[in-house]
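Asker: To be precise about what I am sending: the file is called final.tsv and holds TSV, C-alpha atoms and all ligand atoms.
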chain	number	residue	atom	x	y	z
N	996	MET	CA	88.55	116.09	148.88
N	997	VAL	CA	85.51	113.87	148.71
N	998	LEU	CA	84.10	112.95	145.34
N	999	VAL	CA	80.39	112.37	145.19
N	1000	PRO	CA	79.31	109.92	142.48
N	1001	SER	CA	78.16	112.62	140.04
N	1002	ASP	CA	81.51	114.43	140.32
N	1003	LEU	CA	83.34	111.19	139.72
N	1004	ALA	CA	81.18	110.41	136.69
N	1005	ARG	CA	81.79	113.87	135.29
N	1006	LEU	CA	85.53	113.50	135.87
N	1007	LEU	CA	85.63	110.12	134.15
N	1008	LEU	CA	83.51	111.38	131.28
N	1009	ARG	CA	85.70	114.42	130.76
N	1010	LYS	CA	88.82	112.27	130.87
N	1011	GLY	CA	87.28	109.80	128.42
N	1012	VAL	CA	86.10	112.42	125.96
N	1013	GLY	CA	89.41	114.26	126.22
N	1014	SER	CA	91.41	111.18	125.42
N	1015	MET	CA	89.02	110.33	122.60
N	1016	THR	CA	89.34	113.65	120.85
N	1017	SER	CA	93.09	114.06	121.28
N	1018	ASP	CA	94.14	111.19	119.01
N	1019	ARG	CA	91.12	110.96	116.76
N	1020	ALA	CA	90.66	112.17	113.25
N	1021	VAL	CA	88.24	115.05	112.86
N	1022	CYS	CA	86.39	116.18	109.76
N	1023	SER	CA	88.05	119.38	108.55
N	1024	LYS	CA	84.75	120.75	107.24
N	1025	CYS	CA	82.24	120.21	110.04
N	1026	ASN	CA	84.76	119.50	112.85
N	1027	ARG	CA	82.80	116.41	113.75
N	1028	THR	CA	84.54	113.28	114.99
N	1029	PRO	CA	83.20	110.51	112.76
N	1030	LEU	CA	81.56	107.61	114.55
N	1031	ALA	CA	83.22	104.23	114.77
N	1032	GLY	CA	82.68	102.39	111.50
N	1033	GLU	CA	82.28	105.57	109.47
N	1034	LEU	CA	84.69	106.39	106.68
N	1035	LEU	CA	86.94	109.42	106.81
N	1036	HIS	CA	88.01	110.50	103.34
N	1037	VAL	CA	91.40	112.09	102.76
N	1038	LEU	CA	91.37	114.46	99.79
N	1039	GLU	CA	94.25	115.43	97.50
N	1040	SER	CA	94.72	118.55	99.58
N	1041	GLU	CA	95.35	116.25	102.61
N	1042	ARG	CA	92.11	117.50	104.17
N	1043	ALA	CA	90.08	114.80	105.83
N	1044	VAL	CA	86.32	115.00	105.49
N	1045	CYS	CA	83.50	112.77	106.67
N	1046	SER	CA	81.11	111.03	104.27
N	1047	LEU	CA	78.41	113.66	104.79
N	1048	CYS	CA	80.72	116.54	103.87
N	1049	LEU	CA	82.26	114.63	100.94
N	1050	ARG	CA	78.83	114.56	99.28
N	1051	GLU	CA	78.53	118.34	99.63
N	1052	LEU	CA	81.83	119.03	97.90
N	1053	PRO	CA	81.96	119.98	94.22
N	1054	GLU	CA	82.01	116.85	92.07
N	1055	ALA	CA	85.59	117.50	90.96
N	1056	GLU	CA	86.74	117.27	94.57
N	1057	GLN	CA	84.79	114.14	95.40
N	1058	ASN	CA	87.73	111.84	94.65
N	1059	PRO	CA	89.44	111.06	97.92
N	1060	VAL	CA	93.04	109.85	97.79
N	1061	ARG	CA	92.14	107.29	100.40
N	1062	SER	CA	89.32	106.48	102.78
N	1063	GLU	CA	89.94	105.24	106.26
N	1064	ARG	CA	87.54	103.36	108.49
N	1065	VAL	CA	87.19	104.98	111.91
N	1066	HIS	CA	87.84	102.44	114.62
N	1067	ALA	CA	86.10	102.17	117.95
N	1068	SER	CA	89.37	102.65	119.78
N	1069	ALA	CA	92.50	104.43	118.67
N	1070	ARG	CA	94.45	101.77	120.49
N	1071	HIS	CA	94.65	98.56	118.50
N	1072	LEU	CA	93.62	95.40	120.24
N	1073	ALA	CA	96.39	92.99	120.97
N	1074	VAL	CA	96.25	89.70	119.14
N	1075	VAL	CA	97.85	87.07	121.31
N	1076	PRO	CA	98.07	83.34	120.81
N	1077	ARG	CA	95.66	81.35	122.92
N	1078	ALA	CA	96.99	79.01	125.55
N	1079	ALA	CA	96.67	75.43	124.37
O	1101	ZN	ZN	82.09	116.55	108.00
Write the structure described by the file as structure tokens, please.
Answerer:
Amino acid sequence: MVLVPSDLARLLLRKGVGSMTSDRAVCSKCNRTPLAGELLHVLESERAVCSLCLRELPEAEQNPVRSERVHASARHLAVVPRAA
């Protein structure tokens, strides 16, 4: 099987998007994956909503238990000591 560049790009893109969505938090209201740097708010009901949806909730429900910053990568960067 020969991959032409556009097939390869599509394959890589699909793989990248697939791996991004599998271990990422998603807003339970709009099903959107918040962008890196956005806050995802976890409500008392354990539902996670993005900032946009939080504002649309009734005021009584606008008190998230915690808010988590969405990181650019689900995998944490290694912090290693520098060689002297
Ligand atoms: Zn949302």
Asker: What are the closest atom pairs, with distances in Å to one decimal, for all residues of chain N lying within 9 Å of ligand ZN 1101 (chain O)? Consider all atoms listed in the file, order rows by chain and residue number, and present the result as CSV.
Answerer:
residue,atom,partner,partner_atom,distance
N:Val1021,CA,O:ZN1101,ZN,8.0
N:Cys1022,CA,O:ZN1101,ZN,4.7
N:Ser1023,CA,O:ZN1101,ZN,6.6
N:Lys1024,CA,O:ZN1101,ZN,5.0
N:Cys1025,CA,O:ZN1101,ZN,4.2
N:Asn1026,CA,O:ZN1101,ZN,6.3
N:Arg1027,CA,O:ZN1101,ZN,5.8
N:Thr1028,CA,O:ZN1101,ZN,8.1
N:Pro1029,CA,O:ZN1101,ZN,7.8
N:Leu1035,CA,O:ZN1101,ZN,8.7
N:Ala1043,CA,O:ZN1101,ZN,8.5
N:Val1044,CA,O:ZN1101,ZN,5.2
N:Cys1045,CA,O:ZN1101,ZN,4.2
N:Ser1046,CA,O:ZN1101,ZN,6.7
N:Leu1047,CA,O:ZN1101,ZN,5.7
N:Cys1048,CA,O:ZN1101,ZN,4.4
N:Leu1049,CA,O:ZN1101,ZN,7.3
Asker: Skipping near chain neighbours, those fewer than 3 positions away, what residues fall within 7 Å of Gly1032 in chain N using all atoms listed in the file, listed as a PyMOL selection string?
Answerer: chain N and resi 1064-1066
Asker: Kindly give the distance, in Å, that separates CA of Leu1008 in chain N and CA of Ala1020 in chain N, rounded to a single decimal.
Answerer: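 Value for the CA of Leu1008 in chain N-CA of Ala1020 in chain N distance: 19.4 Å.
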Asker: Given the choices N:Val999, N:Ser1062, N:Arg1077, N:Pro1053, which gets closest to Leu1038 in chain N if the distance is worked out from all atoms listed in the file?
Answerer: N:Ser1062
Asker: What is the CA of Glu1051 in chain N-CA of Val1037 in chain N distance in Å, reported with one decimal?
Answerer: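 That distance, rounded to one decimal, is 14.6 Å.
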Asker: Can you tell me how far CA of Arg1050 in chain N sits from CA of Leu1030 in chain N, in Å to one decimal?
Answerer: 17.0 Å
